[in-house]
Amino acid sequence: MLHAGLDLSRNRLDVCLLSDQGEIVEEFAAPSDHDGVRALARRVLDYGEPVRGVIESMTGARFVHDTLERYGWDVLIADAQKVKGLAPLACKTDKIDARVLAVLSERDLVPAIWLPDPAVRSEREQARFRLHLVKHRSMLKHRIHSTLMTFGEPCPVSDLFGAAGRELLHHLEIPQPWRGTVDASIALIDDLDRQIAEVNRQLRAGSAEHPYVPLLLTVPGIGWVLAFTIAAEIGDVTRFPSPTKLCGYTGLCPRVNQSGESDRRGPLSKHGPKYLRWAMLEA
């Protein structure tokens with residue numbers, strides 16, 4: 001078997017090939033686009049041996065993983081933080097990183113992460129995009145409130161973006177360019193409201209079929225949006241051997257530093273998916 005360490009950057013993919021005996025077979029770089037990754041797969045398959053590739057978890061790693069697996073590779077995505085702990089380097093370059101990943105594969109020490117299937121990835125994208133849209137809408141609303149405070153204008157209504165609040169904003173007398181900023185922000189908020197409503201419709205449809213959502217809805221503080229987000233971020237709950245492992249995955253457990261009789265507990269570890277942590281903290 002050949003062991004391929006893959007270090008991905010914006011424009012290229014550094015590759016290190018090792019034999020089962022730990023000897024370097026070849027080191028080279030390839031473009032990180034569709035054509036480059038396909039050419040890399042065919043080039044390595046010409047050796048006539050099965051290939052196991054390892055790439056660190058990062059943006060674009062899943063694309064490389066899926067493309068290479070279509071060509072018969074066995075590809076693992078490694079936890080970047082755990083790789084750093086297993087192989088601290090005094091000198092760090094893309095070439096060395098690829099070599100380290102190949103060595104971890106050859107020694108069966110790859111800290112591989114769980115890969116969600118396409119259905120779970122689709123659910124996560126829907127929930128995360130909704131959060132992204134809501135965040136931008138909130139930023140625009142905060143900007144309008146800030147503009148009112150800048151010019152000493154009170155906000156006598158409970159909802160500045162309801163019917164009464166919109167009427168107040170329409171007749172608000174402030175100079176340019178602030179007037180133009182408020183008008184543009186309101187138009188963007190209206191557009192975001194329409195897009196969020198469409199995403200909500202899709203999430204509600206998906207929630208009705210998700211096996212975890214009905215159970216999550218029985219928890220106080222969790223509505224259907226948070227239920228869908230938590231379910232999507234957890235993915236397959238059976239992959240956790242115990243509730244303790246699931247708690248550690250959320251990053252909501254404290255840091256632990258033990259040495260002899262000393263046992264110190266620190267702040268939240270914040271490891272794992274930030275979107276899952278956000279949803280649970282919201283609840």
# chains A, B, ... in the order shown; residues from 1 in each chain; ligands from 1
>>> residues_around(residues="Ser185 of chain A", least_positions_apart="6", cutoff="8 Å", atoms="only C-alpha atoms", output="PyMOL selection string")
chain A and resi 140-141+144
>>> write_last_selection(atoms="N, CA and C atoms", output="PDB file, in the first residue's frame")
ATOM      1  N   LEU A 140     -27.682  44.911  10.571  1.00  0.00           N
ATOM      2  CA  LEU A 140     -28.319  46.066   9.941  1.00  0.00           C
ATOM      3  C   LEU A 140     -29.256  46.786  10.914  1.00  0.00           C
ATOM      4  N   LYS A 141     -29.996  46.028  11.705  1.00  0.00           N
ATOM      5  CA  LYS A 141     -30.884  46.638  12.689  1.00  0.00           C
ATOM      6  C   LYS A 141     -30.090  47.410  13.739  1.00  0.00           C
ATOM      7  N   ILE A 144     -29.036  50.771  12.374  1.00  0.00           N
ATOM      8  CA  ILE A 144     -30.101  51.782  12.364  1.00  0.00           C
ATOM      9  C   ILE A 144     -30.326  52.338  13.771  1.00  0.00           C
TER      10      ILE A 144
END
>>> select_by_dssp(residues="segment 47-254 of chain A", states="helix (DSSP H, G or I)", output="number ranges by chain")
A: 61-70, 80-86, 94-106, 118-150, 163-170, 178-209, 213-216, 224-234, 237-239, 243-250
>>> residues_around(residues="Leu18 of chain A", least_positions_apart="4", cutoff="8 Å", atoms="only C-alpha atoms", output="ChimeraX atom specification")
/A:2-4,22-26,102-103,106
>>> write_last_selection(atoms="all heavy atoms", output="PDB file, in the first residue's frame")
ATOM      1  N   LEU A   2       0.388   2.283  -0.698  1.00  0.00           N
ATOM      2  CA  LEU A   2       1.032   3.590  -0.661  1.00  0.00           C
ATOM      3  C   LEU A   2       0.274   4.488   0.308  1.00  0.00           C
ATOM      4  O   LEU A   2      -0.954   4.441   0.399  1.00  0.00           O
ATOM      5  CB  LEU A   2       1.041   4.224  -2.050  1.00  0.00           C
ATOM      6  CG  LEU A   2       1.914   3.578  -3.113  1.00  0.00           C
ATOM      7  CD1 LEU A   2       1.743   4.299  -4.445  1.00  0.00           C
ATOM      8  CD2 LEU A   2       3.379   3.586  -2.697  1.00  0.00           C
ATOM      9  N   HIS A   3       1.017   5.308   1.035  1.00  0.00           N
ATOM     10  CA  HIS A   3       0.434   6.246   1.978  1.00  0.00           C
ATOM     11  C   HIS A   3       0.707   7.660   1.469  1.00  0.00           C
ATOM     12  O   HIS A   3       1.864   8.050   1.300  1.00  0.00           O
ATOM     13  CB  HIS A   3       1.038   6.053   3.369  1.00  0.00           C
ATOM     14  CG  HIS A   3       0.858   4.665   3.900  1.00  0.00           C
ATOM     15  ND1 HIS A   3      -0.252   4.258   4.601  1.00  0.00           N
ATOM     16  CD2 HIS A   3       1.668   3.563   3.791  1.00  0.00           C
ATOM     17  CE1 HIS A   3      -0.135   2.995   4.925  1.00  0.00           C
ATOM     18  NE2 HIS A   3       1.020   2.536   4.443  1.00  0.00           N
ATOM     19  N   ALA A   4      -0.361   8.404   1.201  1.00  0.00           N
ATOM     20  CA  ALA A   4      -0.231   9.730   0.606  1.00  0.00           C
ATOM     21  C   ALA A   4      -0.630  10.800   1.618  1.00  0.00           C
ATOM     22  O   ALA A   4      -1.783  10.838   2.069  1.00  0.00           O
ATOM     23  CB  ALA A   4      -1.101   9.842  -0.651  1.00  0.00           C
ATOM     24  N   GLY A  22       7.908   2.788   4.989  1.00  0.00           N
ATOM     25  CA  GLY A  22       8.231   4.133   5.452  1.00  0.00           C
ATOM     26  C   GLY A  22       9.209   4.867   4.558  1.00  0.00           C
ATOM     27  O   GLY A  22       9.715   5.926   4.945  1.00  0.00           O
ATOM     28  N   GLU A  23       9.475   4.361   3.360  1.00  0.00           N
ATOM     29  CA  GLU A  23      10.409   5.024   2.439  1.00  0.00           C
ATOM     30  C   GLU A  23       9.645   5.994   1.533  1.00  0.00           C
ATOM     31  O   GLU A  23       8.539   5.691   1.071  1.00  0.00           O
ATOM     32  CB  GLU A  23      11.135   3.984   1.588  1.00  0.00           C
ATOM     33  CG  GLU A  23      11.966   3.003   2.410  1.00  0.00           C
ATOM     34  CD  GLU A  23      12.559   1.905   1.550  1.00  0.00           C
ATOM     35  OE1 GLU A  23      12.120   1.788   0.371  1.00  0.00           O
ATOM     36  OE2 GLU A  23      13.431   1.164   2.041  1.00  0.00           O
ATOM     37  N   ILE A  24      10.247   7.151   1.285  1.00  0.00           N
ATOM     38  CA  ILE A  24       9.625   8.141   0.413  1.00  0.00           C
ATOM     39  C   ILE A  24       9.675   7.653  -1.032  1.00  0.00           C
ATOM     40  O   ILE A  24      10.743   7.390  -1.583  1.00  0.00           O
ATOM     41  CB  ILE A  24      10.313   9.503   0.543  1.00  0.00           C
ATOM     42  CG1 ILE A  24      10.116  10.063   1.952  1.00  0.00           C
ATOM     43  CG2 ILE A  24       9.761  10.482  -0.488  1.00  0.00           C
ATOM     44  CD1 ILE A  24      10.808  11.392   2.190  1.00  0.00           C
ATOM     45  N   VAL A  25       8.518   7.514  -1.650  1.00  0.00           N
ATOM     46  CA  VAL A  25       8.420   7.081  -3.036  1.00  0.00           C
ATOM     47  C   VAL A  25       8.503   8.282  -3.976  1.00  0.00           C
ATOM     48  O   VAL A  25       9.213   8.250  -4.986  1.00  0.00           O
ATOM     49  CB  VAL A  25       7.098   6.316  -3.266  1.00  0.00           C
ATOM     50  CG1 VAL A  25       6.944   5.943  -4.740  1.00  0.00           C
ATOM     51  CG2 VAL A  25       7.033   5.076  -2.389  1.00  0.00           C
ATOM     52  N   GLU A  26       7.789   9.351  -3.624  1.00  0.00           N
ATOM     53  CA  GLU A  26       7.763  10.535  -4.494  1.00  0.00           C
ATOM     54  C   GLU A  26       7.178  11.701  -3.699  1.00  0.00           C
ATOM     55  O   GLU A  26       6.316  11.525  -2.833  1.00  0.00           O
ATOM     56  CB  GLU A  26       6.914  10.266  -5.738  1.00  0.00           C
ATOM     57  CG  GLU A  26       6.958  11.382  -6.777  1.00  0.00           C
ATOM     58  CD  GLU A  26       6.142  11.061  -8.012  1.00  0.00           C
ATOM     59  OE1 GLU A  26       5.440  10.022  -8.023  1.00  0.00           O
ATOM     60  OE2 GLU A  26       6.184  11.861  -8.972  1.00  0.00           O
ATOM     61  N   ALA A 102       1.636  11.635   5.814  1.00  0.00           N
ATOM     62  CA  ALA A 102       1.950  10.331   5.233  1.00  0.00           C
ATOM     63  C   ALA A 102       2.527   9.387   6.281  1.00  0.00           C
ATOM     64  O   ALA A 102       2.194   8.198   6.323  1.00  0.00           O
ATOM     65  CB  ALA A 102       2.921  10.503   4.067  1.00  0.00           C
ATOM     66  N   VAL A 103       3.394   9.899   7.147  1.00  0.00           N
ATOM     67  CA  VAL A 103       3.988   9.080   8.204  1.00  0.00           C
ATOM     68  C   VAL A 103       2.920   8.604   9.192  1.00  0.00           C
ATOM     69  O   VAL A 103       2.917   7.443   9.622  1.00  0.00           O
ATOM     70  CB  VAL A 103       5.093   9.867   8.940  1.00  0.00           C
ATOM     71  CG1 VAL A 103       5.543   9.128  10.197  1.00  0.00           C
ATOM     72  CG2 VAL A 103       6.281  10.092   8.020  1.00  0.00           C
ATOM     73  N   GLU A 106       1.148   5.764   7.583  1.00  0.00           N
ATOM     74  CA  GLU A 106       1.981   4.551   7.540  1.00  0.00           C
ATOM     75  C   GLU A 106       2.052   3.868   8.909  1.00  0.00           C
ATOM     76  O   GLU A 106       2.142   2.646   9.006  1.00  0.00           O
ATOM     77  CB  GLU A 106       3.375   4.937   7.040  1.00  0.00           C
ATOM     78  CG  GLU A 106       4.328   3.770   6.841  1.00  0.00           C
ATOM     79  CD  GLU A 106       5.244   3.582   8.035  1.00  0.00           C
ATOM     80  OE1 GLU A 106       5.600   4.598   8.671  1.00  0.00           O
ATOM     81  OE2 GLU A 106       5.600   2.416   8.333  1.00  0.00           O
TER      82      GLU A 106
END
>>> atom_distance(atom1="atom CA of Arg121 of chain A", atom2="atom CA of Arg12 of chain A")
25.1 Å
>>> closest_residue(among="A:Trp73, A:Phe129, A:Trp224, A:Trp114", to="Glu198 of chain A", atoms="only C-alpha atoms")
A:Phe129
>>> atom_distance(atom1="atom CA of Ser32 of chain A", atom2="atom CA of Gly48 of chain A")
23.1 Å
>>> residues_around(residues="Ala41 of chain A", least_positions_apart="2", cutoff="12 Å", atoms="only C-alpha atoms", output="compact mmCIF listing (two decimals) with all heavy atoms, in the first residue's frame")
# COMPACT_ATOMS: atom_id res chain seq x y z
N ALA A 4 -0.36 8.40 1.20
CA ALA A 4 -0.23 9.73 0.61
C ALA A 4 -0.63 10.80 1.62
O ALA A 4 -1.78 10.84 2.07
CB ALA A 4 -1.10 9.84 -0.65
N LEU A 6 -1.40 14.66 2.15
CA LEU A 6 -1.88 15.73 1.27
C LEU A 6 -2.01 17.03 2.08
O LEU A 6 -2.77 17.08 3.06
CB LEU A 6 -3.24 15.37 0.67
CG LEU A 6 -3.33 13.99 -0.01
CD1 LEU A 6 -4.78 13.63 -0.29
CD2 LEU A 6 -2.53 13.98 -1.30
N LEU A 13 -1.78 21.48 -4.07
CA LEU A 13 -1.88 20.35 -3.17
C LEU A 13 -0.50 19.68 -3.12
O LEU A 13 -0.04 19.12 -4.11
CB LEU A 13 -2.93 19.37 -3.69
CG LEU A 13 -3.41 18.24 -2.79
CD1 LEU A 13 -4.06 18.79 -1.54
CD2 LEU A 13 -4.41 17.37 -3.55
N VAL A 15 1.99 16.79 -2.07
CA VAL A 15 1.78 15.36 -1.90
C VAL A 15 3.09 14.69 -1.52
O VAL A 15 4.15 14.99 -2.10
CB VAL A 15 1.24 14.72 -3.20
CG1 VAL A 15 0.95 13.24 -2.99
CG2 VAL A 15 0.00 15.45 -3.69
N ALA A 30 0.56 19.47 -6.93
CA ALA A 30 -0.43 19.46 -8.01
C ALA A 30 -1.40 20.61 -7.80
O ALA A 30 -1.60 21.05 -6.66
CB ALA A 30 -1.18 18.13 -8.04
N PRO A 31 -2.03 21.11 -8.85
CA PRO A 31 -3.06 22.14 -8.68
C PRO A 31 -4.21 21.59 -7.84
O PRO A 31 -4.51 20.39 -7.88
CB PRO A 31 -3.51 22.44 -10.11
CG PRO A 31 -2.37 21.99 -10.97
CD PRO A 31 -1.76 20.82 -10.28
N SER A 32 -4.84 22.46 -7.08
CA SER A 32 -5.91 22.01 -6.17
C SER A 32 -7.30 22.14 -6.78
O SER A 32 -8.30 22.03 -6.06
CB SER A 32 -5.85 22.81 -4.87
OG SER A 32 -5.96 24.21 -5.12
N HIS A 34 -10.29 20.98 -9.89
CA HIS A 34 -10.85 19.71 -10.33
C HIS A 34 -9.85 18.93 -11.18
O HIS A 34 -9.58 17.74 -10.93
CB HIS A 34 -12.14 19.95 -11.13
CG HIS A 34 -13.32 20.28 -10.28
ND1 HIS A 34 -14.10 19.32 -9.69
CD2 HIS A 34 -13.85 21.48 -9.93
CE1 HIS A 34 -15.08 19.90 -9.01
NE2 HIS A 34 -14.95 21.21 -9.14
N ASP A 35 -9.31 19.57 -12.21
CA ASP A 35 -8.40 18.88 -13.13
C ASP A 35 -7.14 18.42 -12.41
O ASP A 35 -6.63 17.33 -12.67
CB ASP A 35 -8.04 19.80 -14.30
CG ASP A 35 -9.24 20.11 -15.19
OD1 ASP A 35 -10.19 19.30 -15.18
OD2 ASP A 35 -9.21 21.15 -15.88
N GLY A 36 -6.61 19.27 -11.53
CA GLY A 36 -5.38 18.92 -10.82
C GLY A 36 -5.56 17.72 -9.92
O GLY A 36 -4.70 16.82 -9.87
N VAL A 37 -6.67 17.65 -9.18
CA VAL A 37 -6.90 16.53 -8.27
C VAL A 37 -7.15 15.24 -9.04
O VAL A 37 -6.67 14.17 -8.67
CB VAL A 37 -8.08 16.85 -7.32
CG1 VAL A 37 -8.38 15.65 -6.43
CG2 VAL A 37 -7.76 18.07 -6.47
N ARG A 38 -7.88 15.34 -10.16
CA ARG A 38 -8.10 14.14 -10.98
C ARG A 38 -6.79 13.63 -11.57
O ARG A 38 -6.54 12.42 -11.60
CB ARG A 38 -9.11 14.44 -12.08
CG ARG A 38 -10.55 14.57 -11.59
CD ARG A 38 -11.53 14.49 -12.76
NE ARG A 38 -11.44 15.68 -13.59
CZ ARG A 38 -12.23 16.74 -13.47
NH1 ARG A 38 -13.17 16.72 -12.54
NH2 ARG A 38 -12.12 17.78 -14.26
N ALA A 39 -5.94 14.54 -12.04
CA ALA A 39 -4.65 14.13 -12.59
C ALA A 39 -3.78 13.49 -11.50
O ALA A 39 -3.07 12.51 -11.76
CB ALA A 39 -3.94 15.34 -13.19
N ARG A 43 -2.28 9.71 -11.59
CA ARG A 43 -0.82 9.57 -11.52
C ARG A 43 -0.41 8.57 -10.46
O ARG A 43 0.46 7.72 -10.68
CB ARG A 43 -0.20 10.94 -11.22
CG ARG A 43 1.31 10.91 -10.98
CD ARG A 43 1.83 12.33 -10.82
NE ARG A 43 3.25 12.37 -10.50
CZ ARG A 43 3.98 13.49 -10.43
NH1 ARG A 43 3.39 14.65 -10.66
NH2 ARG A 43 5.27 13.45 -10.15
N VAL A 44 -1.04 8.63 -9.29
CA VAL A 44 -0.67 7.72 -8.20
C VAL A 44 -1.18 6.31 -8.47
O VAL A 44 -0.51 5.32 -8.14
CB VAL A 44 -1.20 8.27 -6.86
CG1 VAL A 44 -0.91 7.29 -5.72
CG2 VAL A 44 -0.56 9.62 -6.53
N LEU A 45 -2.33 6.19 -9.10
CA LEU A 45 -2.86 4.86 -9.40
C LEU A 45 -2.00 4.11 -10.41
O LEU A 45 -2.06 2.88 -10.49
CB LEU A 45 -4.30 4.97 -9.92
CG LEU A 45 -5.36 5.35 -8.87
CD1 LEU A 45 -6.72 5.53 -9.54
CD2 LEU A 45 -5.44 4.31 -7.77
N ASP A 46 -1.17 4.84 -11.15
CA ASP A 46 -0.27 4.19 -12.11
C ASP A 46 0.75 3.30 -11.42
O ASP A 46 1.37 2.44 -12.07
CB ASP A 46 0.45 5.25 -12.95
CG ASP A 46 -0.47 5.87 -14.00
OD1 ASP A 46 -1.53 5.27 -14.28
OD2 ASP A 46 -0.15 6.96 -14.51
N TYR A 47 0.96 3.49 -10.10
CA TYR A 47 1.90 2.63 -9.37
C TYR A 47 1.33 1.23 -9.19
O TYR A 47 2.07 0.29 -8.85
CB TYR A 47 2.22 3.22 -8.00
CG TYR A 47 3.19 4.38 -8.04
CD1 TYR A 47 2.73 5.69 -8.06
CD2 TYR A 47 4.56 4.17 -8.07
CE1 TYR A 47 3.60 6.76 -8.10
CE2 TYR A 47 5.45 5.23 -8.10
CZ TYR A 47 4.97 6.53 -8.12
OH TYR A 47 5.85 7.59 -8.15
N GLY A 48 0.03 1.07 -9.38
CA GLY A 48 -0.56 -0.26 -9.31
C GLY A 48 -0.77 -0.78 -7.91
O GLY A 48 -0.93 -1.99 -7.72
N PRO A 50 -2.81 -0.18 -3.93
CA PRO A 50 -3.86 0.57 -3.23
C PRO A 50 -3.27 1.78 -2.52
O PRO A 50 -2.11 1.75 -2.08
CB PRO A 50 -4.43 -0.46 -2.24
CG PRO A 50 -3.38 -1.51 -2.10
CD PRO A 50 -2.65 -1.55 -3.40
N VAL A 51 -4.06 2.82 -2.40
CA VAL A 51 -3.57 4.09 -1.85
C VAL A 51 -4.47 4.53 -0.70
O VAL A 51 -5.70 4.49 -0.81
CB VAL A 51 -3.55 5.21 -2.92
CG1 VAL A 51 -2.89 6.47 -2.36
CG2 VAL A 51 -2.86 4.74 -4.18
N ARG A 52 -3.82 4.94 0.39
CA ARG A 52 -4.55 5.60 1.47
C ARG A 52 -4.03 7.02 1.60
O ARG A 52 -2.85 7.23 1.81
CB ARG A 52 -4.39 4.87 2.80
CG ARG A 52 -5.18 5.57 3.94
CD ARG A 52 -5.35 4.70 5.14
NE ARG A 52 -4.09 4.43 5.80
CZ ARG A 52 -3.93 3.53 6.76
NH1 ARG A 52 -4.97 2.80 7.15
NH2 ARG A 52 -2.76 3.33 7.32
N GLY A 53 -4.94 7.98 1.43
CA GLY A 53 -4.55 9.38 1.54
C GLY A 53 -5.04 9.98 2.85
O GLY A 53 -6.05 9.57 3.40
N VAL A 64 -11.58 17.32 -1.96
CA VAL A 64 -10.45 16.45 -2.30
C VAL A 64 -10.78 15.01 -1.90
O VAL A 64 -10.52 14.06 -2.66
CB VAL A 64 -9.17 16.93 -1.59
CG1 VAL A 64 -8.01 15.96 -1.84
CG2 VAL A 64 -8.79 18.33 -2.07
N HIS A 65 -11.35 14.82 -0.72
CA HIS A 65 -11.72 13.49 -0.24
C HIS A 65 -12.67 12.80 -1.22
O HIS A 65 -12.44 11.66 -1.65
CB HIS A 65 -12.36 13.63 1.14
CG HIS A 65 -13.02 12.38 1.65
ND1 HIS A 65 -14.31 12.02 1.29
CD2 HIS A 65 -12.58 11.41 2.49
CE1 HIS A 65 -14.62 10.88 1.88
NE2 HIS A 65 -13.59 10.50 2.62
N ASP A 66 -13.74 13.49 -1.59
CA ASP A 66 -14.75 12.87 -2.47
C ASP A 66 -14.19 12.56 -3.85
O ASP A 66 -14.48 11.51 -4.43
CB ASP A 66 -15.96 13.80 -2.59
CG ASP A 66 -16.72 13.96 -1.28
OD1 ASP A 66 -16.43 13.20 -0.34
OD2 ASP A 66 -17.58 14.86 -1.19
N THR A 67 -13.36 13.48 -4.39
CA THR A 67 -12.81 13.27 -5.73
C THR A 67 -11.87 12.07 -5.76
O THR A 67 -11.94 11.22 -6.65
CB THR A 67 -12.05 14.53 -6.20
OG1 THR A 67 -12.93 15.66 -6.17
CG2 THR A 67 -11.52 14.35 -7.62
N LEU A 68 -10.98 11.98 -4.77
CA LEU A 68 -10.02 10.88 -4.74
C LEU A 68 -10.69 9.54 -4.47
O LEU A 68 -10.27 8.51 -5.02
CB LEU A 68 -8.94 11.16 -3.68
CG LEU A 68 -8.02 12.35 -3.98
CD1 LEU A 68 -7.03 12.56 -2.83
CD2 LEU A 68 -7.26 12.16 -5.29
N GLU A 69 -11.74 9.54 -3.66
CA GLU A 69 -12.43 8.27 -3.38
C GLU A 69 -13.13 7.74 -4.62
O GLU A 69 -13.28 6.53 -4.78
CB GLU A 69 -13.41 8.44 -2.23
CG GLU A 69 -12.74 8.51 -0.86
CD GLU A 69 -13.58 7.92 0.24
OE1 GLU A 69 -14.82 7.97 0.11
OE2 GLU A 69 -13.00 7.41 1.22
N ARG A 70 -13.55 8.64 -5.51
CA ARG A 70 -14.17 8.18 -6.76
C ARG A 70 -13.16 7.43 -7.64
O ARG A 70 -13.55 6.66 -8.51
CB ARG A 70 -14.77 9.36 -7.52
CG ARG A 70 -16.08 9.86 -6.93
CD ARG A 70 -16.83 10.74 -7.92
NE ARG A 70 -16.15 12.00 -8.15
CZ ARG A 70 -16.36 13.10 -7.44
NH1 ARG A 70 -17.24 13.09 -6.45
NH2 ARG A 70 -15.71 14.23 -7.71
N TYR A 71 -11.88 7.69 -7.42
CA TYR A 71 -10.83 7.00 -8.17
C TYR A 71 -10.27 5.79 -7.41
O TYR A 71 -9.24 5.24 -7.79
CB TYR A 71 -9.69 7.96 -8.49
CG TYR A 71 -10.01 8.88 -9.65
CD1 TYR A 71 -10.69 10.07 -9.44
CD2 TYR A 71 -9.65 8.55 -10.95
CE1 TYR A 71 -11.00 10.92 -10.49
CE2 TYR A 71 -9.96 9.39 -12.02
CZ TYR A 71 -10.63 10.57 -11.78
OH TYR A 71 -10.94 11.40 -12.83
N GLY A 72 -10.93 5.39 -6.35
CA GLY A 72 -10.54 4.17 -5.65
C GLY A 72 -9.62 4.37 -4.47
O GLY A 72 -9.19 3.38 -3.85
N TRP A 73 -9.28 5.62 -4.13
CA TRP A 73 -8.46 5.86 -2.95
C TRP A 73 -9.27 5.61 -1.68
O TRP A 73 -10.48 5.76 -1.66
CB TRP A 73 -7.96 7.31 -2.92
CG TRP A 73 -6.89 7.68 -3.90
CD1 TRP A 73 -6.78 7.29 -5.20
CD2 TRP A 73 -5.79 8.57 -3.66
NE1 TRP A 73 -5.69 7.87 -5.78
CE2 TRP A 73 -5.06 8.67 -4.86
CE3 TRP A 73 -5.37 9.31 -2.56
CZ2 TRP A 73 -3.93 9.46 -4.98
CZ3 TRP A 73 -4.24 10.10 -2.67
CH2 TRP A 73 -3.52 10.17 -3.87
N ASP A 74 -8.55 5.28 -0.61
CA ASP A 74 -9.12 5.29 0.74
C ASP A 74 -8.60 6.58 1.38
O ASP A 74 -7.39 6.71 1.60
CB ASP A 74 -8.66 4.06 1.53
CG ASP A 74 -9.11 4.12 2.98
OD1 ASP A 74 -10.10 4.82 3.27
OD2 ASP A 74 -8.46 3.48 3.84
N VAL A 75 -9.47 7.53 1.66
CA VAL A 75 -9.04 8.86 2.12
C VAL A 75 -9.58 9.13 3.51
O VAL A 75 -10.78 8.93 3.78
CB VAL A 75 -9.50 9.97 1.16
CG1 VAL A 75 -8.94 11.32 1.60
CG2 VAL A 75 -9.06 9.66 -0.27
>>> residues_around(residues="Leu160 of chain A", least_positions_apart="6", cutoff="9 Å", atoms="only C-alpha atoms", output="ChimeraX atom specification")
/A:141,145,166,168-169
>>> decode(residues="segment 164-177 of chain A", atoms="N, CA and C atoms", output="PDB file, in the first residue's frame")
ATOM      1  N   ALA A 164     -45.455  50.719  13.184  1.00  0.00           N
ATOM      2  CA  ALA A 164     -45.255  52.050  13.768  1.00  0.00           C
ATOM      3  C   ALA A 164     -43.798  52.484  13.660  1.00  0.00           C
ATOM      4  N   GLY A 165     -42.896  51.552  13.861  1.00  0.00           N
ATOM      5  CA  GLY A 165     -41.476  51.886  13.759  1.00  0.00           C
ATOM      6  C   GLY A 165     -41.071  52.259  12.349  1.00  0.00           C
ATOM      7  N   ARG A 166     -41.613  51.575  11.344  1.00  0.00           N
ATOM      8  CA  ARG A 166     -41.299  51.904   9.948  1.00  0.00           C
ATOM      9  C   ARG A 166     -41.803  53.320   9.610  1.00  0.00           C
ATOM     10  N   GLU A 167     -42.972  53.665  10.145  1.00  0.00           N
ATOM     11  CA  GLU A 167     -43.502  55.003   9.894  1.00  0.00           C
ATOM     12  C   GLU A 167     -42.580  56.054  10.515  1.00  0.00           C
ATOM     13  N   LEU A 168     -42.075  55.773  11.701  1.00  0.00           N
ATOM     14  CA  LEU A 168     -41.141  56.693  12.370  1.00  0.00           C
ATOM     15  C   LEU A 168     -39.862  56.851  11.549  1.00  0.00           C
ATOM     16  N   LEU A 169     -39.333  55.723  11.058  1.00  0.00           N
ATOM     17  CA  LEU A 169     -38.102  55.777  10.264  1.00  0.00           C
ATOM     18  C   LEU A 169     -38.319  56.512   8.945  1.00  0.00           C
ATOM     19  N   HIS A 170     -39.510  56.368   8.377  1.00  0.00           N
ATOM     20  CA  HIS A 170     -39.794  57.021   7.086  1.00  0.00           C
ATOM     21  C   HIS A 170     -39.770  58.544   7.207  1.00  0.00           C
ATOM     22  N   HIS A 171     -40.236  59.058   8.334  1.00  0.00           N
ATOM     23  CA  HIS A 171     -40.298  60.507   8.522  1.00  0.00           C
ATOM     24  C   HIS A 171     -39.122  61.053   9.331  1.00  0.00           C
ATOM     25  N   LEU A 172     -38.149  60.188   9.598  1.00  0.00           N
ATOM     26  CA  LEU A 172     -36.988  60.612  10.386  1.00  0.00           C
ATOM     27  C   LEU A 172     -36.170  61.652   9.603  1.00  0.00           C
ATOM     28  N   GLU A 173     -35.894  62.774  10.219  1.00  0.00           N
ATOM     29  CA  GLU A 173     -35.144  63.847   9.557  1.00  0.00           C
ATOM     30  C   GLU A 173     -33.688  63.801  10.022  1.00  0.00           C
ATOM     31  N   ILE A 174     -32.861  63.193   9.196  1.00  0.00           N
ATOM     32  CA  ILE A 174     -31.414  63.145   9.450  1.00  0.00           C
ATOM     33  C   ILE A 174     -30.710  63.464   8.141  1.00  0.00           C
ATOM     34  N   PRO A 175     -29.501  64.031   8.214  1.00  0.00           N
ATOM     35  CA  PRO A 175     -28.806  64.439   6.983  1.00  0.00           C
ATOM     36  C   PRO A 175     -28.243  63.246   6.220  1.00  0.00           C
ATOM     37  N   GLN A 176     -27.879  63.505   4.985  1.00  0.00           N
ATOM     38  CA  GLN A 176     -27.144  62.523   4.188  1.00  0.00           C
ATOM     39  C   GLN A 176     -25.690  62.485   4.678  1.00  0.00           C
ATOM     40  N   PRO A 177     -24.996  61.367   4.607  1.00  0.00           N
ATOM     41  CA  PRO A 177     -25.415  60.104   3.968  1.00  0.00           C
ATOM     42  C   PRO A 177     -26.169  59.159   4.894  1.00  0.00           C
TER      43      PRO A 177
END
